[in-house]
Amino acid sequence: MKTNRPVNMDLTTIRLPITAIASILHRISGIVLFVGTAFLIWALGLSLSSAQGFEQVSQLISSVFWFKFIIWGTLAALGYHLVAGVRHLLMDLGLGETKESGALGSQISLVVGVLLAILAGVWLW
């Protein structure tokens, strides 16, 4: 069956609305939280196992960049996921359901998420 619909095969020309970007980032932050929580539980278990385990985790936090980066990424994902989740709860209550208010809510959640990520970085470093 032949249609006369235009087909755009160049995905780089497609512009997603801000609401779609916020939604995709909300899902990605949930995945980062899932993986990061497993890492944090491992670190917590090691630090609570003995005094040597606590010292080992303390040294990892102070000397290994990737360890601190994973902690920061998990905290940043938690902050954004929380803000976007509150936005979704407000939409469930009937607030911000129009196209304009949805875009504004997405912009606010992205800005607050970035601010929380910066604050987490300042707190860690």
# chains A, B, ... in the order shown; residues from 1 in each chain; ligands from 1
call {"tool": "residues_around", "arguments": {"residues": "Gly113 (chain A)", "least_positions_apart": "2", "cutoff": "8 Å", "atoms": "only C-alpha atoms", "output": "ChimeraX atom specification"}}
result
/A:76,79-80,83,109-111,115-117
call {"tool": "write_last_selection", "arguments": {"atoms": "all heavy atoms", "output": "compact mmCIF listing (two decimals), in the first residue's frame"}}
result
# COMPACT_ATOMS: atom_id res chain seq x y z
N ALA A 76 22.73 13.45 41.60
CA ALA A 76 22.15 14.32 40.57
C ALA A 76 20.90 13.67 39.98
O ALA A 76 19.87 14.34 39.77
CB ALA A 76 23.17 14.59 39.48
N GLY A 79 18.06 13.95 42.50
CA GLY A 79 17.48 15.29 42.54
C GLY A 79 16.55 15.53 41.36
O GLY A 79 15.42 16.00 41.54
N TYR A 80 17.01 15.21 40.14
CA TYR A 80 16.16 15.44 38.98
C TYR A 80 14.93 14.53 38.99
O TYR A 80 13.83 14.96 38.67
CB TYR A 80 16.93 15.25 37.67
CG TYR A 80 16.02 15.47 36.48
CD1 TYR A 80 15.61 16.75 36.15
CD2 TYR A 80 15.53 14.41 35.74
CE1 TYR A 80 14.74 16.97 35.10
CE2 TYR A 80 14.66 14.61 34.69
CZ TYR A 80 14.28 15.89 34.37
OH TYR A 80 13.40 16.11 33.35
N VAL A 83 12.36 15.95 41.35
CA VAL A 83 11.69 17.15 40.83
C VAL A 83 10.71 16.77 39.71
O VAL A 83 9.57 17.23 39.67
CB VAL A 83 12.73 18.18 40.33
CG1 VAL A 83 12.08 19.31 39.58
CG2 VAL A 83 13.53 18.71 41.51
N SER A 109 11.58 22.12 35.84
CA SER A 109 12.15 20.89 36.39
C SER A 109 13.58 20.68 35.90
O SER A 109 14.44 20.22 36.66
CB SER A 109 11.27 19.68 36.07
OG SER A 109 11.24 19.43 34.69
N LEU A 110 13.87 21.03 34.65
CA LEU A 110 15.23 20.91 34.15
C LEU A 110 16.18 21.88 34.86
O LEU A 110 17.29 21.50 35.24
CB LEU A 110 15.27 21.15 32.64
CG LEU A 110 14.67 20.04 31.78
CD1 LEU A 110 14.54 20.49 30.34
CD2 LEU A 110 15.50 18.79 31.87
N VAL A 111 15.74 23.11 35.05
CA VAL A 111 16.60 24.10 35.72
C VAL A 111 16.85 23.70 37.18
O VAL A 111 17.99 23.74 37.66
CB VAL A 111 15.97 25.52 35.63
CG1 VAL A 111 16.66 26.50 36.55
CG2 VAL A 111 15.99 26.01 34.20
N LEU A 115 20.41 22.74 38.99
CA LEU A 115 20.85 23.40 40.23
C LEU A 115 21.14 22.38 41.33
O LEU A 115 22.13 22.51 42.06
CB LEU A 115 19.80 24.41 40.70
CG LEU A 115 19.66 25.66 39.85
CD1 LEU A 115 18.50 26.52 40.35
CD2 LEU A 115 20.96 26.44 39.84
N LEU A 116 20.30 21.36 41.45
CA LEU A 116 20.54 20.32 42.46
C LEU A 116 21.80 19.52 42.14
O LEU A 116 22.55 19.15 43.05
CB LEU A 116 19.32 19.40 42.56
CG LEU A 116 18.08 20.01 43.20
CD1 LEU A 116 16.90 19.05 43.11
CD2 LEU A 116 18.35 20.40 44.65
N ALA A 117 22.06 19.28 40.86
CA ALA A 117 23.29 18.58 40.47
C ALA A 117 24.52 19.41 40.81
O ALA A 117 25.52 18.88 41.30
CB ALA A 117 23.26 18.25 38.98
call {"tool": "residues_around", "arguments": {"residues": "region 28-31 of chain A", "least_positions_apart": "5", "cutoff": "10 Å", "atoms": "only C-alpha atoms", "output": "PyMOL selection string"}}
result
chain A and resi 22-23+36-37+73-82+84
call {"tool": "closest_residue", "arguments": {"among": "A:Met9, A:Val86, A:Leu95, A:Ile21", "to": "Gln107 (chain A)", "atoms": "only C-alpha atoms"}}
result
A:Ile21
call {"tool": "closest_residue", "arguments": {"among": "A:Ile118, A:Leu11, A:Leu16, A:Lys2", "to": "Ala103 (chain A)", "atoms": "only C-alpha atoms"}}
result
A:Leu16
call {"tool": "atom_distance", "arguments": {"atom1": "CA of Trp123 (chain A)", "atom2": "CA of Trp42 (chain A)"}}
result
21.5 Å
call {"tool": "select_by_dssp", "arguments": {"residues": "region 1-66 of chain A", "states": "helix (DSSP H, G or I)", "output": "MDAnalysis selection string"}}
result
chainID A and resid 11:13 18:49 51:63 65:66
call {"tool": "atom_distance", "arguments": {"atom1": "CA of Ser106 (chain A)", "atom2": "CA of His26 (chain A)"}}
result
10.5 Å
call {"tool": "closest_residue", "arguments": {"among": "A:Phe69, A:Ile18, A:Asp92, A:Gly45", "to": "Gly105 (chain A)", "atoms": "only C-alpha atoms"}}
result
A:Ile18
call {"tool": "closest_residue", "arguments": {"among": "A:Leu89, A:Ala43, A:Ile24, A:Val32", "to": "Ile61 (chain A)", "atoms": "only C-alpha atoms"}}
result
A:Ala43
call {"tool": "decode", "arguments": {"residues": "region 54-68 of chain A", "atoms": "all heavy atoms", "output": "compact mmCIF listing (two decimals), in the first residue's frame"}}
result
# COMPACT_ATOMS: atom_id res chain seq x y z
N PHE A 54 35.35 0.57 56.58
CA PHE A 54 35.03 1.99 56.62
C PHE A 54 36.21 2.82 56.10
O PHE A 54 36.02 3.76 55.32
CB PHE A 54 34.66 2.41 58.04
CG PHE A 54 34.31 3.87 58.15
CD1 PHE A 54 33.05 4.31 57.79
CD2 PHE A 54 35.24 4.79 58.60
CE1 PHE A 54 32.72 5.65 57.88
CE2 PHE A 54 34.93 6.13 58.69
CZ PHE A 54 33.67 6.56 58.33
N GLU A 55 37.41 2.46 56.53
CA GLU A 55 38.61 3.17 56.06
C GLU A 55 38.80 3.00 54.56
O GLU A 55 39.18 3.93 53.87
CB GLU A 55 39.85 2.67 56.80
CG GLU A 55 40.07 3.31 58.14
CD GLU A 55 40.23 4.82 58.03
OE1 GLU A 55 40.95 5.31 57.14
OE2 GLU A 55 39.60 5.52 58.84
N GLN A 56 38.50 1.80 54.06
CA GLN A 56 38.64 1.54 52.63
C GLN A 56 37.68 2.41 51.82
O GLN A 56 38.07 3.01 50.82
CB GLN A 56 38.39 0.06 52.35
CG GLN A 56 38.68 -0.36 50.94
CD GLN A 56 38.46 -1.84 50.73
OE1 GLN A 56 38.00 -2.56 51.62
NE2 GLN A 56 38.78 -2.31 49.54
N VAL A 57 36.44 2.51 52.26
CA VAL A 57 35.47 3.35 51.57
C VAL A 57 35.86 4.82 51.68
O VAL A 57 35.77 5.58 50.71
CB VAL A 57 34.04 3.10 52.10
CG1 VAL A 57 33.06 4.11 51.52
CG2 VAL A 57 33.59 1.69 51.78
N SER A 58 36.34 5.24 52.84
CA SER A 58 36.79 6.63 53.02
C SER A 58 37.93 6.96 52.07
O SER A 58 37.96 8.05 51.48
CB SER A 58 37.22 6.87 54.46
OG SER A 58 36.14 6.73 55.32
N GLN A 59 38.87 6.04 51.94
CA GLN A 59 40.00 6.27 51.02
C GLN A 59 39.53 6.30 49.58
O GLN A 59 40.03 7.10 48.78
CB GLN A 59 41.07 5.20 51.21
CG GLN A 59 41.86 5.34 52.47
CD GLN A 59 42.86 4.22 52.65
OE1 GLN A 59 42.79 3.20 51.97
NE2 GLN A 59 43.79 4.41 53.58
N LEU A 60 38.59 5.43 49.22
CA LEU A 60 38.07 5.44 47.86
C LEU A 60 37.38 6.76 47.53
O LEU A 60 37.56 7.31 46.44
CB LEU A 60 37.09 4.28 47.65
CG LEU A 60 37.70 2.89 47.52
CD1 LEU A 60 36.60 1.83 47.52
CD2 LEU A 60 38.54 2.79 46.27
N ILE A 61 36.61 7.28 48.48
CA ILE A 61 35.92 8.55 48.25
C ILE A 61 36.91 9.69 48.09
O ILE A 61 36.73 10.57 47.24
CB ILE A 61 34.92 8.84 49.39
CG1 ILE A 61 33.74 7.87 49.31
CG2 ILE A 61 34.41 10.28 49.33
CD1 ILE A 61 32.78 7.98 50.47
N SER A 62 37.97 9.67 48.88
CA SER A 62 38.91 10.80 48.84
C SER A 62 39.93 10.70 47.71
O SER A 62 40.46 11.73 47.28
CB SER A 62 39.63 10.93 50.18
OG SER A 62 40.41 9.77 50.43
N SER A 63 40.21 9.50 47.19
CA SER A 63 41.30 9.39 46.22
C SER A 63 40.88 8.92 44.83
O SER A 63 41.60 9.19 43.87
CB SER A 63 42.37 8.43 46.76
OG SER A 63 41.83 7.13 46.91
N VAL A 64 39.76 8.25 44.69
CA VAL A 64 39.37 7.72 43.38
C VAL A 64 38.29 8.62 42.78
O VAL A 64 37.18 8.73 43.32
CB VAL A 64 38.86 6.26 43.50
CG1 VAL A 64 38.42 5.73 42.16
CG2 VAL A 64 39.94 5.38 44.11
N PHE A 65 38.61 9.24 41.64
CA PHE A 65 37.68 10.18 41.00
C PHE A 65 36.40 9.47 40.60
O PHE A 65 35.30 10.01 40.79
CB PHE A 65 38.34 10.83 39.78
CG PHE A 65 37.39 11.63 38.96
CD1 PHE A 65 36.98 12.88 39.38
CD2 PHE A 65 36.87 11.13 37.77
CE1 PHE A 65 36.09 13.63 38.63
CE2 PHE A 65 35.98 11.87 37.02
CZ PHE A 65 35.59 13.12 37.45
N TRP A 66 36.49 8.29 40.02
CA TRP A 66 35.29 7.59 39.51
C TRP A 66 34.33 7.24 40.63
O TRP A 66 33.12 7.24 40.43
CB TRP A 66 35.68 6.34 38.73
CG TRP A 66 36.36 6.70 37.45
CD1 TRP A 66 37.69 6.57 37.16
CD2 TRP A 66 35.76 7.31 36.31
NE1 TRP A 66 37.95 7.04 35.90
CE2 TRP A 66 36.77 7.50 35.36
CE3 TRP A 66 34.48 7.71 35.99
CZ2 TRP A 66 36.53 8.07 34.11
CZ3 TRP A 66 34.24 8.28 34.76
CH2 TRP A 66 35.26 8.46 33.84
N PHE A 67 34.86 6.93 41.80
CA PHE A 67 34.01 6.61 42.95
C PHE A 67 33.15 7.82 43.32
O PHE A 67 31.93 7.73 43.46
CB PHE A 67 34.90 6.19 44.12
CG PHE A 67 34.19 5.45 45.21
CD1 PHE A 67 34.05 4.08 45.16
CD2 PHE A 67 33.65 6.13 46.29
CE1 PHE A 67 33.40 3.39 46.15
CE2 PHE A 67 33.00 5.45 47.30
CZ PHE A 67 32.87 4.07 47.23
N LYS A 68 33.79 8.97 43.41
CA LYS A 68 33.08 10.20 43.75
C LYS A 68 32.14 10.62 42.61
O LYS A 68 31.04 11.12 42.85
CB LYS A 68 34.07 11.32 44.06
CG LYS A 68 33.44 12.50 44.78
CD LYS A 68 34.47 13.55 45.10
CE LYS A 68 35.25 13.15 46.31
NZ LYS A 68 36.07 14.24 46.85
